[in-house]
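So this block is work18.cif, mmCIF, C-alpha atoms:
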data_upload
#
loop_
_atom_site.label_atom_id
_atom_site.label_comp_id
_atom_site.auth_asym_id
_atom_site.auth_seq_id
_atom_site.Cartn_x
_atom_site.Cartn_y
_atom_site.Cartn_z
CA MET E 1 -36.78 -1.98 -80.95
CA SER E 2 -33.36 -1.22 -82.44
CA ARG E 3 -32.06 2.31 -82.58
CA ALA E 4 -29.45 3.80 -84.89
CA LEU E 5 -26.19 4.81 -83.27
CA PRO E 6 -25.69 8.54 -82.86
CA LYS E 7 -23.28 10.11 -85.30
CA TYR E 8 -20.71 10.87 -82.65
CA ASN E 9 -20.68 7.21 -81.62
CA LYS E 10 -19.98 6.17 -85.19
CA ARG E 11 -17.07 8.59 -85.33
CA ARG E 12 -15.74 7.20 -82.06
CA VAL E 13 -15.84 3.67 -83.44
CA LEU E 14 -14.02 4.79 -86.58
CA MET E 15 -11.36 6.55 -84.51
CA ILE E 16 -10.84 3.53 -82.31
CA GLY E 17 -10.63 1.37 -85.40
CA GLY E 18 -8.14 3.79 -86.94
CA THR E 19 -6.02 3.68 -83.79
CA ALA E 20 -6.09 -0.09 -83.82
CA ALA E 21 -5.03 -0.03 -87.44
CA VAL E 22 -2.10 2.28 -86.64
CA VAL E 23 -0.98 0.14 -83.71
CA LEU E 24 -1.22 -2.96 -85.81
CA SER E 25 0.74 -1.32 -88.63
CA GLY E 26 3.40 -0.20 -86.15
CA ALA E 27 3.77 -3.75 -84.89
CA VAL E 28 4.22 -5.01 -88.42
CA ILE E 29 6.79 -2.31 -89.19
CA ALA E 30 8.70 -3.04 -85.99
CA GLY E 31 8.60 -6.73 -86.73
CA ASN E 32 9.95 -6.16 -90.22
CA ALA E 33 12.74 -3.92 -88.88
CA LEU E 34 13.80 -6.52 -86.34
CA ALA E 35 13.68 -9.22 -88.96
CA GLY E 36 15.91 -7.10 -91.21
CA GLU E 37 18.46 -6.60 -88.43
CA THR E 38 18.59 -10.30 -87.72
CA SER E 39 19.17 -11.08 -91.36
CA LYS E 40 21.97 -8.52 -91.62
CA SER E 41 23.65 -9.87 -88.51
CA GLY E 42 23.47 -13.37 -89.90
CA THR E 43 25.08 -12.21 -93.12
CA ASN E 44 27.97 -10.59 -91.23
CA ALA E 45 28.51 -13.74 -89.20
CA THR E 46 28.64 -15.79 -92.40
CA THR E 47 31.13 -13.37 -93.96
CA LYS E 48 33.40 -13.49 -90.93
CA ALA E 49 33.26 -17.27 -90.86
CA ALA E 50 34.28 -17.38 -94.51
CA THR E 51 37.48 -15.41 -93.79
CA SER E 52 38.82 -17.25 -90.76
CA PRO E 53 42.58 -16.77 -90.41
CA GLY E 54 45.65 -18.63 -91.56
CA THR E 55 49.26 -18.00 -90.52
CA VAL E 56 52.70 -17.67 -92.10
CA ASN E 57 54.95 -20.48 -90.92
CA CYS E 58 58.73 -20.14 -91.35
CA PRO E 59 61.54 -22.44 -90.19
CA ALA E 60 63.48 -21.16 -87.18
CA VAL E 61 67.01 -20.15 -88.13
CA ALA E 62 68.72 -19.70 -84.75
CA PRO E 63 68.79 -23.41 -83.75
CA SER E 64 70.63 -24.25 -87.00
CA LEU E 65 73.48 -21.81 -86.42
CA PRO E 66 76.93 -22.86 -85.15
CA ALA E 67 78.69 -21.12 -82.27
CA ILE E 68 78.58 -17.39 -82.99
CA PRO E 69 81.82 -15.42 -82.55
CA ALA E 70 81.51 -12.48 -80.17
CA SER E 71 82.45 -10.09 -82.98
CA ALA E 72 79.46 -11.28 -85.02
CA GLN E 73 76.90 -11.56 -82.23
CA ALA E 74 75.32 -8.12 -82.59
CA GLU E 75 74.93 -8.43 -86.37
CA VAL E 76 73.56 -11.96 -86.13
CA THR E 77 71.03 -10.98 -83.48
CA ARG E 78 69.96 -7.95 -85.50
CA ASN E 79 69.32 -10.10 -88.56
CA LEU E 80 67.53 -12.83 -86.58
CA THR E 81 65.21 -10.13 -85.30
CA LEU E 82 64.77 -8.82 -88.85
CA LEU E 83 63.56 -12.29 -89.87
CA ASP E 84 60.76 -11.93 -87.32
CA THR E 85 59.92 -8.46 -88.51
CA GLN E 86 59.57 -9.84 -92.02
CA ILE E 87 57.19 -12.56 -90.79
CA ALA E 88 55.13 -9.98 -88.92
CA GLU E 89 54.92 -7.78 -92.01
CA ALA E 90 53.83 -10.75 -94.13
CA ASN E 91 51.13 -11.64 -91.61
CA LYS E 92 49.89 -8.05 -91.65
CA ARG E 93 49.79 -8.08 -95.43
CA LEU E 94 47.70 -11.24 -95.28
CA VAL E 95 45.20 -9.36 -93.14
CA ASP E 96 45.18 -6.27 -95.35
CA THR E 97 44.65 -8.21 -98.57
CA VAL E 98 41.88 -10.62 -97.60
CA GLY E 99 39.75 -11.31 -100.66
CA GLN E 100 42.22 -9.84 -103.15
CA GLY E 101 43.70 -11.62 -106.16
CA GLY E 102 43.24 -15.15 -107.40
CA PRO E 103 44.16 -18.53 -105.94
CA ASN E 104 47.92 -17.83 -106.30
CA PHE E 105 47.83 -14.33 -104.82
CA VAL E 106 49.32 -15.25 -101.44
CA GLN E 107 52.15 -17.26 -103.00
CA ASN E 108 53.02 -14.62 -105.59
CA ALA E 109 52.48 -11.45 -103.57
CA ILE E 110 53.40 -12.51 -100.02
CA LEU E 111 55.22 -15.84 -99.62
CA GLY E 112 57.46 -15.35 -102.67
CA PRO E 113 58.74 -11.88 -101.68
CA LEU E 114 59.09 -13.07 -98.07
CA LYS E 115 61.35 -15.91 -99.20
CA ASP E 116 63.56 -13.48 -101.15
CA LYS E 117 63.92 -11.23 -98.10
CA ARG E 118 64.76 -14.19 -95.90
CA VAL E 119 67.42 -15.46 -98.32
CA ALA E 120 69.18 -12.08 -98.18
CA THR E 121 68.92 -11.84 -94.39
CA ILE E 122 70.10 -15.42 -93.79
CA ASN E 123 73.06 -14.81 -96.11
CA ARG E 124 74.04 -11.77 -94.04
CA ILE E 125 73.99 -13.96 -90.92
CA ALA E 126 76.23 -16.55 -92.56
CA THR E 127 78.59 -13.86 -93.85
CA ALA E 128 78.87 -12.25 -90.40
CA ILE E 129 79.83 -15.57 -88.81
CA GLY E 130 82.18 -16.40 -91.69
CA ARG E 131 84.35 -13.34 -91.11
CA THR E 132 86.00 -14.88 -88.04
CA ALA E 133 84.86 -18.53 -88.11
CA ALA E 134 83.74 -21.22 -90.52
CA LYS E 135 80.89 -19.86 -92.62
CA PRO E 136 77.75 -21.97 -92.14
CA THR E 137 76.30 -23.50 -95.29
CA GLY E 138 72.91 -24.84 -96.30
CA LEU E 139 70.96 -22.16 -94.45
CA ASP E 140 69.16 -21.09 -97.62
CA SER E 141 66.93 -24.13 -97.19
CA LEU E 142 65.35 -22.32 -94.23
CA ALA E 143 64.19 -19.39 -96.36
CA PRO E 144 60.88 -20.69 -97.83
CA CYS E 145 57.78 -20.28 -95.68
CA THR E 146 54.37 -21.90 -95.91
CA LEU E 147 50.84 -20.85 -95.10
CA ASN E 148 48.97 -22.59 -92.32
CA ALA E 149 45.40 -22.02 -93.52
CA ASN E 150 42.43 -22.29 -91.22
CA GLY E 151 40.12 -20.69 -93.77
CA VAL E 152 39.91 -19.47 -97.35
CA ASN E 153 39.30 -15.95 -98.58
CA ALA E 154 37.36 -14.91 -101.62
CA GLY E 155 40.39 -15.34 -103.84
CA GLY E 156 41.03 -18.87 -102.63
CA ALA E 157 43.97 -17.91 -100.43
CA ALA E 158 44.07 -18.04 -96.67
CA ALA E 159 44.05 -14.93 -94.53
CA THR E 160 45.25 -14.25 -91.03
CA ALA E 161 44.15 -11.93 -88.27
CA ALA E 162 47.36 -11.88 -86.28
CA PRO E 163 50.96 -13.15 -86.31
CA SER E 164 51.08 -16.83 -85.46
CA ALA E 165 52.76 -18.58 -82.58
CA THR E 166 55.24 -19.93 -85.14
CA ALA E 167 56.11 -16.41 -86.18
CA THR E 168 56.83 -15.40 -82.62
CA GLN E 169 58.81 -18.59 -82.03
CA GLN E 170 61.46 -17.21 -84.36
CA ALA E 171 62.10 -14.22 -82.10
CA GLY E 172 58.92 -13.47 -80.22
CA ASN E 173 58.96 -9.85 -81.23
CA THR E 174 57.11 -8.01 -83.94
CA GLY E 175 57.54 -4.63 -82.34
CA ASN E 176 61.31 -4.62 -82.36
CA THR E 177 61.50 -0.84 -82.28
CA GLY E 178 62.07 -0.36 -78.59
CA ASN E 179 64.95 2.07 -79.04
CA THR E 180 63.02 4.27 -81.45
CA GLY E 181 59.69 4.16 -79.67
CA ALA E 182 56.19 3.16 -80.64
CA THR E 183 54.32 5.12 -83.28
CA GLY E 184 52.36 7.94 -81.77
CA ASN E 185 54.47 8.43 -78.66
CA THR E 186 57.62 9.82 -80.23
CA THR E 187 56.78 13.41 -79.38
CA ALA E 188 54.29 13.10 -76.53
CA ALA E 189 55.82 10.36 -74.41
CA GLY E 190 59.43 10.05 -75.51
CA THR E 191 61.23 6.78 -76.15
CA ILE E 192 62.90 4.15 -73.99
CA THR E 193 66.56 3.40 -74.67
CA CYS E 194 68.28 0.33 -73.25
CA PRO E 195 71.94 -0.78 -73.44
CA ASP E 196 72.66 -3.38 -76.11
CA VAL E 197 73.30 -6.81 -74.60
CA ALA E 198 74.24 -8.88 -77.64
CA SER E 199 77.40 -6.91 -78.37
CA LYS E 200 78.65 -7.49 -74.81
CA LEU E 201 78.39 -11.28 -74.92
CA PRO E 202 81.34 -13.63 -75.42
CA ALA E 203 81.33 -16.36 -78.06
CA ILE E 204 78.13 -18.34 -77.59
CA PRO E 205 78.37 -22.15 -77.52
CA ALA E 206 76.20 -23.86 -80.12
CA SER E 207 74.34 -25.69 -77.35
CA ALA E 208 73.29 -22.35 -75.85
CA GLN E 209 72.55 -20.49 -79.08
CA ALA E 210 68.81 -21.09 -79.25
CA GLU E 211 68.23 -20.10 -75.62
CA VAL E 212 70.44 -17.02 -75.87
CA THR E 213 68.68 -15.87 -79.05
CA ARG E 214 65.28 -16.44 -77.49
CA ASN E 215 66.19 -14.31 -74.47
CA LEU E 216 67.84 -11.57 -76.55
CA THR E 217 64.60 -11.36 -78.49
CA LEU E 218 62.66 -11.24 -75.24
CA LEU E 219 64.68 -8.18 -74.25
CA ASN E 220 63.44 -6.47 -77.41
CA THR E 221 59.88 -7.54 -76.67
CA GLN E 222 60.14 -6.04 -73.19
CA ILE E 223 61.32 -2.72 -74.64
CA ALA E 224 58.47 -2.71 -77.16
CA GLU E 225 55.93 -3.43 -74.42
CA ALA E 226 57.36 -0.67 -72.25
CA ASN E 227 57.14 1.81 -75.14
CA THR E 228 53.52 0.82 -75.73
CA ARG E 229 52.75 1.36 -72.05
CA LEU E 230 54.55 4.70 -72.24
CA ALA E 231 52.30 5.78 -75.10
CA ASN E 232 49.13 4.49 -73.43
CA THR E 233 49.73 6.29 -70.12
CA VAL E 234 50.65 9.77 -71.32
CA GLY E 235 49.53 12.28 -68.70
CA GLN E 236 48.93 9.72 -65.96
CA GLY E 237 50.51 9.76 -62.51
CA GLY E 238 52.96 12.23 -61.01
CA PRO E 239 56.53 13.17 -61.93
CA ASN E 240 57.86 9.74 -60.91
CA PHE E 241 55.20 7.69 -62.70
CA VAL E 242 57.38 6.59 -65.62
CA GLN E 243 60.25 5.58 -63.35
CA ASN E 244 58.08 3.68 -60.87
CA ALA E 245 55.54 2.14 -63.23
CA ILE E 246 57.54 1.53 -66.41
CA LEU E 247 61.34 1.87 -66.16
CA GLY E 248 61.61 0.15 -62.77
CA PRO E 249 59.62 -2.97 -63.73
CA LEU E 250 61.44 -3.05 -67.09
CA ALA E 251 64.83 -3.13 -65.32
CA ASP E 252 63.65 -6.05 -63.17
CA LYS E 253 62.47 -8.00 -66.22
CA ARG E 254 65.70 -7.30 -68.08
CA LYS E 255 67.83 -8.41 -65.14
CA SER E 256 66.06 -11.79 -65.01
CA THR E 257 66.38 -12.24 -68.77
CA ILE E 258 70.05 -11.26 -68.82
CA ASP E 259 70.73 -13.69 -65.95
CA ARG E 260 69.18 -16.49 -68.01
CA ILE E 261 71.49 -15.61 -70.90
CA ALA E 262 74.56 -15.74 -68.67
CA ILE E 263 73.47 -19.05 -67.11
CA SER E 264 72.84 -20.70 -70.49
CA ILE E 265 76.33 -19.71 -71.70
CA GLY E 266 77.87 -20.78 -68.39
CA ARG E 267 76.64 -24.36 -68.74
CA THR E 268 79.33 -25.18 -71.32
CA ALA E 269 81.67 -22.16 -71.24
CA ALA E 270 82.86 -19.42 -68.92
CA LYS E 271 79.84 -17.62 -67.50
CA PRO E 272 79.91 -13.94 -68.46
CA THR E 273 79.86 -11.48 -65.55
CA GLY E 274 78.90 -7.84 -65.12
CA LEU E 275 75.94 -8.05 -67.49
CA ASP E 276 73.51 -6.81 -64.81
CA SER E 277 74.79 -3.30 -65.48
CA LEU E 278 72.97 -3.47 -68.81
CA ALA E 279 69.55 -3.94 -67.23
CA THR E 280 68.74 -0.28 -66.54
CA CYS E 281 67.08 1.76 -69.29
CA THR E 282 66.49 5.48 -69.69
CA LEU E 283 63.79 7.71 -71.12
CA ASN E 284 64.62 9.95 -74.07
CA LYS E 285 62.20 12.86 -74.33
#

Entire entry expressed as structure tokens:
Amino acid sequence: MSRALPKYNKRRVLMIGGTAAVVLSGAVIAGNALAGETSKSGTNATTKAATSPGTVNCPAVAPSLPAIPASAQAEVTRNLTLLDTQIAEANKRLVDTVGQGGPNFVQNAILGPLKDKRVATINRIATAIGRTAAKPTGLDSLAPCTLNANGVNAGGAAATAAPSATATQQAGNTGNTGNTGATGNTTAAGTITCPDVASKLPAIPASAQAEVTRNLTLLNTQIAEANTRLANTVGQGGPNFVQNAILGPLADKRKSTIDRIAISIGRTAAKPTGLDSLATCTLNK
């Protein structure tokens, strides 16, 4: 004979059922949340893929130069380095303006102004050489740059995430501020100052020009890297930390680079001597 369940048993069943309903609802909510996160992640991945980088590509100027008179060497090197700074700035602008403008934005706002800057800088190089030797001609053809695009931004123009290998081929240095220090360490860490090498060189044979320029630029890169390390290690080590960990290794690198410069000149002209004295740098607080 069947018997009705006691009231408390009915309540217990309802409570259990309620708990089951809550657990089930929680599972659904959690599932929906996870699904939402997955969808958002997928959207971000798609967005990133749509803005894959391109790079500014400019003709190298140094290999096209004739023998550089010693009196013009410092000015020529300074302007060759400025060409690289201009490429680095253009690459940074590409990054900062992803998705802006129409299909001609990069040409009008970045490549066009870059060409104008390069024309002026290349003309200064030619003028510096022309003061004491035959002024090179036809260098203006090296001013225009192109965009190596690996992707397209929303405006139809390519973007870039970092300076390209072509940009660094020109001088290998986008942080050519070694003597003034990296941003952020001017007051806390000081700045590294190194003797200028270019102004101490004799006339450079045309056959050695590209190698000499490449190594002069490497000297600037080494200073920039040392300044970055200086900023990143503020407060580390003891009183001799900077000398042992930064200035000492920098002097060794500079000595090797300066030796390569002297050797490249010495292949077809008198090898310069005494340049090792320019390897040691100091710290300006």

Residues in the PyMOL selection byres ((chain E and resi 259) around 12), expressed as a list in words: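 That selection, the PyMOL selection byres ((chain E and resi 259) around 12), comes back as Val197, Glu211, Val212, Asn215, Leu216, Leu219, Asp252, Lys253, Arg254, Lys255, Ser256, Thr257, Ile258, Arg260, Ile261, Ala262, Ile263, Ser264, Ile265, Gly266, Lys271, Pro272, Thr273, Gly274, Leu275, Asp276, Ser277, Leu278 and Ala279 of chain E.
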
Residue nearest Pro205 (chain E) among E:Leu65, E:Ile129, E:Ala143, E:Ala269 (counting only C-alpha atoms): E:Ala269

Hits from the PyMOL selection byres ((chain E and resi 115) around 10), listed as a PyMOL selection string: chain E and resi 58+86-87+110-114+116-121+140+142-146

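Of the residues listed (E:Val56, E:Ala134, E:Ala128, E:Ala270), E:Ala270 shows the shortest atom-to-atom separation from Ile204 (chain E); distances use only C-alpha atoms.
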
Residues matched by the PyMOL selection byres ((chain E and resi 76) around 8), written as a list in words: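 That selection, the PyMOL selection byres ((chain E and resi 76) around 8), comes back as Ala72, Gln73, Ala74, Glu75, Thr77, Arg78, Asn79, Leu80, Arg124, Ile125, Ala128 and Ile129 of chain E.
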
For the residues in the current selection, export C-alpha atoms as an mmCIF file, keeping the file's coordinate frame.
data_model
loop_
_atom_site.group_PDB
_atom_site.id
_atom_site.type_symbol
_atom_site.label_atom_id
_atom_site.label_comp_id
_atom_site.auth_asym_id
_atom_site.auth_seq_id
_atom_site.Cartn_x
_atom_site.Cartn_y
_atom_site.Cartn_z
ATOM 1 C CA ALA E 72 79.460 -11.280 -85.020
ATOM 2 C CA GLN E 73 76.900 -11.560 -82.230
ATOM 3 C CA ALA E 74 75.320 -8.120 -82.590
ATOM 4 C CA GLU E 75 74.930 -8.430 -86.370
ATOM 5 C CA THR E 77 71.030 -10.980 -83.480
ATOM 6 C CA ARG E 78 69.960 -7.950 -85.500
ATOM 7 C CA ASN E 79 69.320 -10.100 -88.560
ATOM 8 C CA LEU E 80 67.530 -12.830 -86.580
ATOM 9 C CA ARG E 124 74.040 -11.770 -94.040
ATOM 10 C CA ILE E 125 73.990 -13.960 -90.920
ATOM 11 C CA ALA E 128 78.870 -12.250 -90.400
ATOM 12 C CA ILE E 129 79.830 -15.570 -88.810
#

Distance in Å - CA of Asn57 (chain E) versus CA of Leu83 (chain E):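 Separation of CA of Asn57 (chain E) and CA of Leu83 (chain E): 11.9 Å.
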
Coordinates-based distance that separates CA of Asn91 (chain E) from CA of Asn108 (chain E) (Å, one decimal): 14.4 Å

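Reported to one decimal place, the separation of CA of Thr280 (chain E) from CA of Ala251 (chain E) is 5.0 Å.
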
Distance criterion (all atoms listed in the file): nearest to Asn227 (chain E) out of E:Leu201, E:Ala88, E:Ala245, E:Ile192: E:Ile192

Axis-aligned box over every listed atom of region 54-69 of chain E, padded by 8 Å per side: centre and edges in Å to one decimal, as AutoDock Vina command-line options?
--center_x 63.7 --center_y -19.8 --center_z -87.2 --size_x 52.2 --size_y 24.8 --size_z 25.8
